[in-house]
Amino acid sequence: MSRKDAINNLFLKRPDTVPTASRPPALKDGERVRTGAISAMGASLQELADSAKQASLLRQQIADGEIWLETSKIVGSRITDRISIDVDPKFDELVESVRENGQQIPILVRPHPDTPGMFEIAYGRRRMRAADILGRPVLAIIRDLADRELIIAQGRENSERTDLSFIEKAFFAKNLEEDGCDRTTIVAALATDKADISRYITVARRVPEELVRRIGPAPKMGRARWLALADLLEARSALVVAEQALEAPSVQKADSDTRFQAVLRALQAKPKRRSTDHAQIWKTPQGKGAARIETRGSKTALVFEEKIVPAFATFVSARLDNLYREFQQETENGGGER
């Protein structure tokens with residue numbers, strides 16, 4: 001028996017071998033009937049062909065530099081650089097732009113180092129969030145980046161496209177250092193020098209992170225104002241005053257620059273005089289105000305007007321010992337209270 005006949009005997013059936021009750025319609029000469037195994041094999045081959053076509057298309061997209069990814073397949077970078085805020089008109093505008101015109105600029109991702117099939121974003125989180133809100137895939141560039149390359153790409157993209165605010169750069173630098181990055185990498189990520197990096201990290205360490213999150217990025221507030229805020233926060237109860245300033249409804253609805261200014265004004269404001277504080281004016285026999293006696297809590301101050309009574313303060317201070325002895329004698333004799 002030839003090999004062809006052997007195959008025919010395995011996979012093909014002649015009509016005369018099938019029982020009459022289940023016999024199909026008569027076949028024409030040379031016509032063959034496919035078995036279930038042959039049909040299944042054909043379907044599997046078609047699936048393989050489709051998969052190969054999809055894989056080829058995927059490789060071509062990657063070669064072209066861009067690919068559409070589901071947002072659920074992308075995780076954020078472990079080092080954050082942006083300060084998220086509840087009210088962000090610019091982000092709302094971005095969502096509407098993507099809705100109407102589609103995504104114009106791809107994000108950058110790398111294959112996740114620990115989870116196969118997942119990706120880690122280097123930059124473009126706002127675009128990814130917009131796509132996620134709209135229920136769309138996001139256009140991405142995939143690069144096989146080392147940790148240092150990922151950090152530098154993340155920092156450089158923000159510097160070249162939408163600058164981070166001073167406080168965002170400060171906390172980005174601080175977070176990178178705490179994550180173990182060396183200063184050379186941080187300098188490259190923020191495209192600056194070591195002196196600036198030191199200033200960023202110094203400010204970030206002096207201002208509580210939770211307070212910064214409540215204020216927001218404050219893009220118009222530079223290093224000088226954040227340093228002024230850091231100095232004011234060193235006073236006792238200053239943090240409480242700052243938090244109270246942020247509780248005002250008008251401040252909560254304002255942009256982050258306005259929130260910063262509200263906190264700064266609250267800390268710069270002189271404390272209100274307590275009800276126990278009071279002041280008296282001592283006048284000369286001619287009726288001129290020559291001294292002010294101020295009582296604040298447990299302290300009393302005597303302030304002379306030198307223009308009215310020149311050298312009188314020196315005269316009084318030289319006689320403080322005699323005055324105190326006189327005071328003690330009157331107190332002992334019961335004349336201390338009048």
# chains A, B, ... in the order shown; residues from 1 in each chain; ligands from 1
call {"tool": "residues_around", "arguments": {"residues": "Lys307 in chain A", "least_positions_apart": "2", "cutoff": "12 Å", "atoms": "only C-alpha atoms", "output": "PyMOL selection string"}}
result
chain A and resi 288-291+304-305+309-313
call {"tool": "write_last_selection", "arguments": {"atoms": "N, CA, C and O atoms", "output": "PDB file, in the first residue's frame"}}
result
ATOM      1  N   LYS A 288       3.089 115.802  78.615  1.00  0.00           N
ATOM      2  CA  LYS A 288       3.637 115.117  77.441  1.00  0.00           C
ATOM      3  C   LYS A 288       3.844 113.629  77.749  1.00  0.00           C
ATOM      4  O   LYS A 288       4.373 113.276  78.807  1.00  0.00           O
ATOM      5  N   GLY A 289       3.438 112.773  76.795  1.00  0.00           N
ATOM      6  CA  GLY A 289       3.656 111.339  76.970  1.00  0.00           C
ATOM      7  C   GLY A 289       5.129 111.015  76.905  1.00  0.00           C
ATOM      8  O   GLY A 289       5.769 111.149  75.861  1.00  0.00           O
ATOM      9  N   ALA A 290       5.684 110.553  78.046  1.00  0.00           N
ATOM     10  CA  ALA A 290       7.133 110.345  78.125  1.00  0.00           C
ATOM     11  C   ALA A 290       7.531 108.879  78.229  1.00  0.00           C
ATOM     12  O   ALA A 290       8.688 108.531  77.977  1.00  0.00           O
ATOM     13  N   ALA A 291       6.583 108.027  78.589  1.00  0.00           N
ATOM     14  CA  ALA A 291       6.922 106.611  78.738  1.00  0.00           C
ATOM     15  C   ALA A 291       5.676 105.759  78.520  1.00  0.00           C
ATOM     16  O   ALA A 291       4.546 106.209  78.734  1.00  0.00           O
ATOM     17  N   PHE A 304      10.773 104.446  77.389  1.00  0.00           N
ATOM     18  CA  PHE A 304      10.834 105.910  77.483  1.00  0.00           C
ATOM     19  C   PHE A 304      10.946 106.528  76.091  1.00  0.00           C
ATOM     20  O   PHE A 304      11.579 105.967  75.187  1.00  0.00           O
ATOM     21  N   GLU A 305      10.344 107.695  75.940  1.00  0.00           N
ATOM     22  CA  GLU A 305      10.477 108.487  74.717  1.00  0.00           C
ATOM     23  C   GLU A 305      11.681 109.417  74.904  1.00  0.00           C
ATOM     24  O   GLU A 305      11.616 110.412  75.616  1.00  0.00           O
ATOM     25  N   VAL A 309      12.006 112.892  77.134  1.00  0.00           N
ATOM     26  CA  VAL A 309      12.782 112.892  78.390  1.00  0.00           C
ATOM     27  C   VAL A 309      14.159 112.304  78.119  1.00  0.00           C
ATOM     28  O   VAL A 309      14.459 111.178  78.519  1.00  0.00           O
ATOM     29  N   PRO A 310      15.000 113.030  77.440  1.00  0.00           N
ATOM     30  CA  PRO A 310      16.337 112.499  77.138  1.00  0.00           C
ATOM     31  C   PRO A 310      17.115 112.183  78.406  1.00  0.00           C
ATOM     32  O   PRO A 310      17.065 112.926  79.380  1.00  0.00           O
ATOM     33  N   ALA A 311      17.793 111.016  78.381  1.00  0.00           N
ATOM     34  CA  ALA A 311      18.655 110.549  79.479  1.00  0.00           C
ATOM     35  C   ALA A 311      17.873 110.136  80.715  1.00  0.00           C
ATOM     36  O   ALA A 311      18.476 109.683  81.696  1.00  0.00           O
ATOM     37  N   PHE A 312      16.541 110.230  80.692  1.00  0.00           N
ATOM     38  CA  PHE A 312      15.778 109.860  81.881  1.00  0.00           C
ATOM     39  C   PHE A 312      15.819 108.346  82.114  1.00  0.00           C
ATOM     40  O   PHE A 312      15.848 107.880  83.254  1.00  0.00           O
ATOM     41  N   ALA A 313      15.848 107.563  81.040  1.00  0.00           N
ATOM     42  CA  ALA A 313      15.931 106.110  81.183  1.00  0.00           C
ATOM     43  C   ALA A 313      17.223 105.718  81.890  1.00  0.00           C
ATOM     44  O   ALA A 313      17.237 104.837  82.761  1.00  0.00           O
TER      45      ALA A 313
END
call {"tool": "select_by_dssp", "arguments": {"residues": "range 104-141 of chain A", "states": "strand (DSSP E)", "output": "PyMOL selection string"}}
result
chain A and resi 107-111+119-123+138-141
call {"tool": "write_last_selection", "arguments": {"atoms": "N, CA, C and O atoms", "output": "PDB file, in the first residue's frame"}}
result
ATOM      1  N   ILE A 107       3.652  58.513  25.561  1.00  0.00           N
ATOM      2  CA  ILE A 107       4.327  58.435  26.852  1.00  0.00           C
ATOM      3  C   ILE A 107       5.533  57.506  26.691  1.00  0.00           C
ATOM      4  O   ILE A 107       5.681  56.838  25.664  1.00  0.00           O
ATOM      5  N   LEU A 108       6.398  57.476  27.694  1.00  0.00           N
ATOM      6  CA  LEU A 108       7.569  56.589  27.663  1.00  0.00           C
ATOM      7  C   LEU A 108       7.451  55.563  28.785  1.00  0.00           C
ATOM      8  O   LEU A 108       7.210  55.933  29.942  1.00  0.00           O
ATOM      9  N   VAL A 109       7.608  54.289  28.424  1.00  0.00           N
ATOM     10  CA  VAL A 109       7.550  53.219  29.425  1.00  0.00           C
ATOM     11  C   VAL A 109       8.718  52.262  29.193  1.00  0.00           C
ATOM     12  O   VAL A 109       9.374  52.302  28.158  1.00  0.00           O
ATOM     13  N   ARG A 110       8.928  51.427  30.192  1.00  0.00           N
ATOM     14  CA  ARG A 110       9.890  50.336  30.040  1.00  0.00           C
ATOM     15  C   ARG A 110       9.220  49.045  30.506  1.00  0.00           C
ATOM     16  O   ARG A 110       8.268  49.091  31.322  1.00  0.00           O
ATOM     17  N   PRO A 111       9.664  47.872  30.018  1.00  0.00           N
ATOM     18  CA  PRO A 111       9.123  46.625  30.548  1.00  0.00           C
ATOM     19  C   PRO A 111       9.358  46.552  32.059  1.00  0.00           C
ATOM     20  O   PRO A 111      10.448  46.891  32.536  1.00  0.00           O
ATOM     21  N   PHE A 119       4.310  47.156  32.410  1.00  0.00           N
ATOM     22  CA  PHE A 119       5.251  48.215  32.054  1.00  0.00           C
ATOM     23  C   PHE A 119       5.314  49.246  33.174  1.00  0.00           C
ATOM     24  O   PHE A 119       4.356  49.416  33.922  1.00  0.00           O
ATOM     25  N   GLU A 120       6.446  49.940  33.262  1.00  0.00           N
ATOM     26  CA  GLU A 120       6.643  51.010  34.252  1.00  0.00           C
ATOM     27  C   GLU A 120       6.837  52.324  33.498  1.00  0.00           C
ATOM     28  O   GLU A 120       7.637  52.397  32.572  1.00  0.00           O
ATOM     29  N   ILE A 121       6.095  53.336  33.916  1.00  0.00           N
ATOM     30  CA  ILE A 121       6.118  54.601  33.189  1.00  0.00           C
ATOM     31  C   ILE A 121       7.323  55.447  33.594  1.00  0.00           C
ATOM     32  O   ILE A 121       7.699  55.494  34.767  1.00  0.00           O
ATOM     33  N   ALA A 122       7.928  56.087  32.606  1.00  0.00           N
ATOM     34  CA  ALA A 122       9.009  57.041  32.869  1.00  0.00           C
ATOM     35  C   ALA A 122       8.440  58.454  32.901  1.00  0.00           C
ATOM     36  O   ALA A 122       8.706  59.223  33.819  1.00  0.00           O
ATOM     37  N   TYR A 123       7.643  58.789  31.901  1.00  0.00           N
ATOM     38  CA  TYR A 123       6.963  60.082  31.907  1.00  0.00           C
ATOM     39  C   TYR A 123       5.681  59.987  31.086  1.00  0.00           C
ATOM     40  O   TYR A 123       5.507  59.064  30.288  1.00  0.00           O
ATOM     41  N   VAL A 138      -3.388  53.920  25.624  1.00  0.00           N
ATOM     42  CA  VAL A 138      -2.498  55.068  25.574  1.00  0.00           C
ATOM     43  C   VAL A 138      -1.349  54.778  24.609  1.00  0.00           C
ATOM     44  O   VAL A 138      -0.824  53.664  24.563  1.00  0.00           O
ATOM     45  N   LEU A 139      -1.003  55.768  23.815  1.00  0.00           N
ATOM     46  CA  LEU A 139       0.107  55.631  22.868  1.00  0.00           C
ATOM     47  C   LEU A 139       1.421  55.734  23.639  1.00  0.00           C
ATOM     48  O   LEU A 139       1.638  56.686  24.381  1.00  0.00           O
ATOM     49  N   ALA A 140       2.293  54.745  23.456  1.00  0.00           N
ATOM     50  CA  ALA A 140       3.518  54.685  24.265  1.00  0.00           C
ATOM     51  C   ALA A 140       4.721  54.308  23.415  1.00  0.00           C
ATOM     52  O   ALA A 140       4.604  53.658  22.381  1.00  0.00           O
ATOM     53  N   ILE A 141       5.867  54.737  23.884  1.00  0.00           N
ATOM     54  CA  ILE A 141       7.159  54.289  23.368  1.00  0.00           C
ATOM     55  C   ILE A 141       7.750  53.359  24.412  1.00  0.00           C
ATOM     56  O   ILE A 141       7.787  53.696  25.599  1.00  0.00           O
TER      57      ILE A 141
END
call {"tool": "closest_residue", "arguments": {"among": "A:Ile293, A:Ala130, A:Leu190, A:Val263", "to": "Ser165 in chain A", "atoms": "only C-alpha atoms"}}
result
A:Leu190
call {"tool": "closest_residue", "arguments": {"among": "A:Asp132, A:Glu177, A:Asp144, A:Glu96", "to": "Ala204 in chain A", "atoms": "only C-alpha atoms"}}
result
A:Glu177
call {"tool": "residues_around", "arguments": {"residues": "Arg183 in chain A", "least_positions_apart": "4", "cutoff": "8 Å", "atoms": "only C-alpha atoms", "output": "ChimeraX atom specification"}}
result
/A:177,187,194,197
call {"tool": "write_last_selection", "arguments": {"atoms": "C-alpha atoms", "output": "tab-separated table (two decimals), in the first residue's frame"}}
result
chain	number	residue	atom	x	y	z
A	177	GLU	CA	18.37	60.77	47.40
A	187	VAL	CA	21.97	66.40	38.82
A	194	LYS	CA	25.18	70.12	42.73
A	197	ILE	CA	20.48	70.10	44.33
call {"tool": "residues_around", "arguments": {"residues": "range 277-287 of chain A", "least_positions_apart": "6", "cutoff": "7 Å", "atoms": "only C-alpha atoms", "output": "list in words"}}
result
Ile293, Glu294, Thr295, Arg296 and Gly297 of chain A
call {"tool": "write_last_selection", "arguments": {"atoms": "N, CA, C and O atoms", "output": "PDB file, in the first residue's frame"}}
result
ATOM      1  N   ILE A 293       4.115 102.021  79.529  1.00  0.00           N
ATOM      2  CA  ILE A 293       4.222 100.841  80.399  1.00  0.00           C
ATOM      3  C   ILE A 293       3.352  99.750  79.773  1.00  0.00           C
ATOM      4  O   ILE A 293       2.122  99.835  79.780  1.00  0.00           O
ATOM      5  N   GLU A 294       3.994  98.716  79.208  1.00  0.00           N
ATOM      6  CA  GLU A 294       3.292  97.661  78.478  1.00  0.00           C
ATOM      7  C   GLU A 294       3.317  96.365  79.272  1.00  0.00           C
ATOM      8  O   GLU A 294       4.373  95.924  79.728  1.00  0.00           O
ATOM      9  N   THR A 295       2.159  95.759  79.431  1.00  0.00           N
ATOM     10  CA  THR A 295       2.047  94.473  80.118  1.00  0.00           C
ATOM     11  C   THR A 295       1.566  93.434  79.121  1.00  0.00           C
ATOM     12  O   THR A 295       0.495  93.589  78.519  1.00  0.00           O
ATOM     13  N   ARG A 296       2.366  92.381  78.933  1.00  0.00           N
ATOM     14  CA  ARG A 296       2.019  91.277  78.036  1.00  0.00           C
ATOM     15  C   ARG A 296       2.173  89.970  78.785  1.00  0.00           C
ATOM     16  O   ARG A 296       3.274  89.492  79.017  1.00  0.00           O
ATOM     17  N   GLY A 297       1.049  89.435  79.180  1.00  0.00           N
ATOM     18  CA  GLY A 297       1.084  88.197  79.945  1.00  0.00           C
ATOM     19  C   GLY A 297       1.762  88.423  81.276  1.00  0.00           C
ATOM     20  O   GLY A 297       1.311  89.215  82.098  1.00  0.00           O
TER      21      GLY A 297
END
call {"tool": "closest_residue", "arguments": {"among": "A:Ser317, A:Gln261, A:Gln154, A:Gln329", "to": "Ile186 in chain A", "atoms": "only C-alpha atoms"}}
result
A:Gln154
call {"tool": "select_by_dssp", "arguments": {"residues": "range 212-308 of chain A", "states": "helix (DSSP H, G or I)", "output": "number ranges by chain"}}
result
A: 212-215, 223-232, 238-247, 249-252, 256-268
call {"tool": "residues_around", "arguments": {"residues": "Leu176 in chain A", "least_positions_apart": "2", "cutoff": "12 Å", "atoms": "only C-alpha atoms", "output": "ChimeraX atom specification"}}
result
/A:77-81,147-148,150-152,154-155,169-174,178-190,197,200-201,204
call {"tool": "write_last_selection", "arguments": {"atoms": "C-alpha atoms", "output": "CSV table (one decimal), in the first residue's frame"}}
result
chain,number,residue,atom,x,y,z
A,77,SER,CA,7.4,55.1,38.8
A,78,ARG,CA,8.4,54.5,42.4
A,79,ILE,CA,9.7,58.1,42.6
A,80,THR,CA,7.0,60.7,42.3
A,81,ASP,CA,7.9,64.2,40.9
A,147,ASP,CA,16.9,52.4,36.7
A,148,ARG,CA,19.3,55.4,36.2
A,150,LEU,CA,14.5,55.9,33.8
A,151,ILE,CA,15.1,58.5,36.4
A,152,ILE,CA,17.0,60.8,34.1
A,154,GLN,CA,11.6,61.2,34.0
A,155,GLY,CA,13.3,64.4,35.2
A,169,LYS,CA,11.9,69.8,42.1
A,170,ALA,CA,12.9,70.0,45.8
A,171,PHE,CA,10.9,66.9,46.8
A,172,PHE,CA,11.9,65.0,43.6
A,173,ALA,CA,15.5,65.5,44.5
A,174,LYS,CA,14.9,64.6,48.2
A,178,GLU,CA,16.3,58.8,50.0
A,179,ASP,CA,15.9,56.1,47.4
A,180,GLY,CA,19.6,55.7,47.1
A,181,CYS,CA,20.4,57.7,44.0
A,182,ASP,CA,23.8,59.4,43.9
A,183,ARG,CA,24.1,63.2,43.4
A,184,THR,CA,25.4,62.7,39.8
A,185,THR,CA,22.2,61.0,38.8
A,186,ILE,CA,20.0,63.6,40.5
A,187,VAL,CA,22.0,66.4,38.8
A,188,ALA,CA,21.4,64.7,35.4
A,189,ALA,CA,17.7,64.1,36.1
A,190,LEU,CA,17.0,67.8,37.0
A,197,ILE,CA,20.5,70.1,44.3
A,200,TYR,CA,16.5,71.8,46.8
A,201,ILE,CA,17.0,69.1,49.4
A,204,ALA,CA,12.4,69.9,51.2
call {"tool": "closest_residue", "arguments": {"among": "A:Gly216, A:Pro208, A:Gly222, A:Pro106", "to": "Leu69 in chain A", "atoms": "only C-alpha atoms"}}
result
A:Pro106
call {"tool": "closest_residue", "arguments": {"among": "A:Ile133, A:Leu233, A:Ala269, A:Met221", "to": "Ser256 in chain A", "atoms": "only C-alpha atoms"}}
result
A:Met221
call {"tool": "atom_distance", "arguments": {"atom1": "CA of Lys73 in chain A", "atom2": "CA of Gly117 in chain A"}}
result
7.3 Å
call {"tool": "closest_residue", "arguments": {"among": "A:Leu302, A:Leu320, A:Leu134, A:Ala266", "to": "Ser97 in chain A", "atoms": "only C-alpha atoms"}}
result
A:Leu134
call {"tool": "atom_distance", "arguments": {"atom1": "CA of Arg136 in chain A", "atom2": "CA of Thr71 in chain A"}}
result
7.8 Å
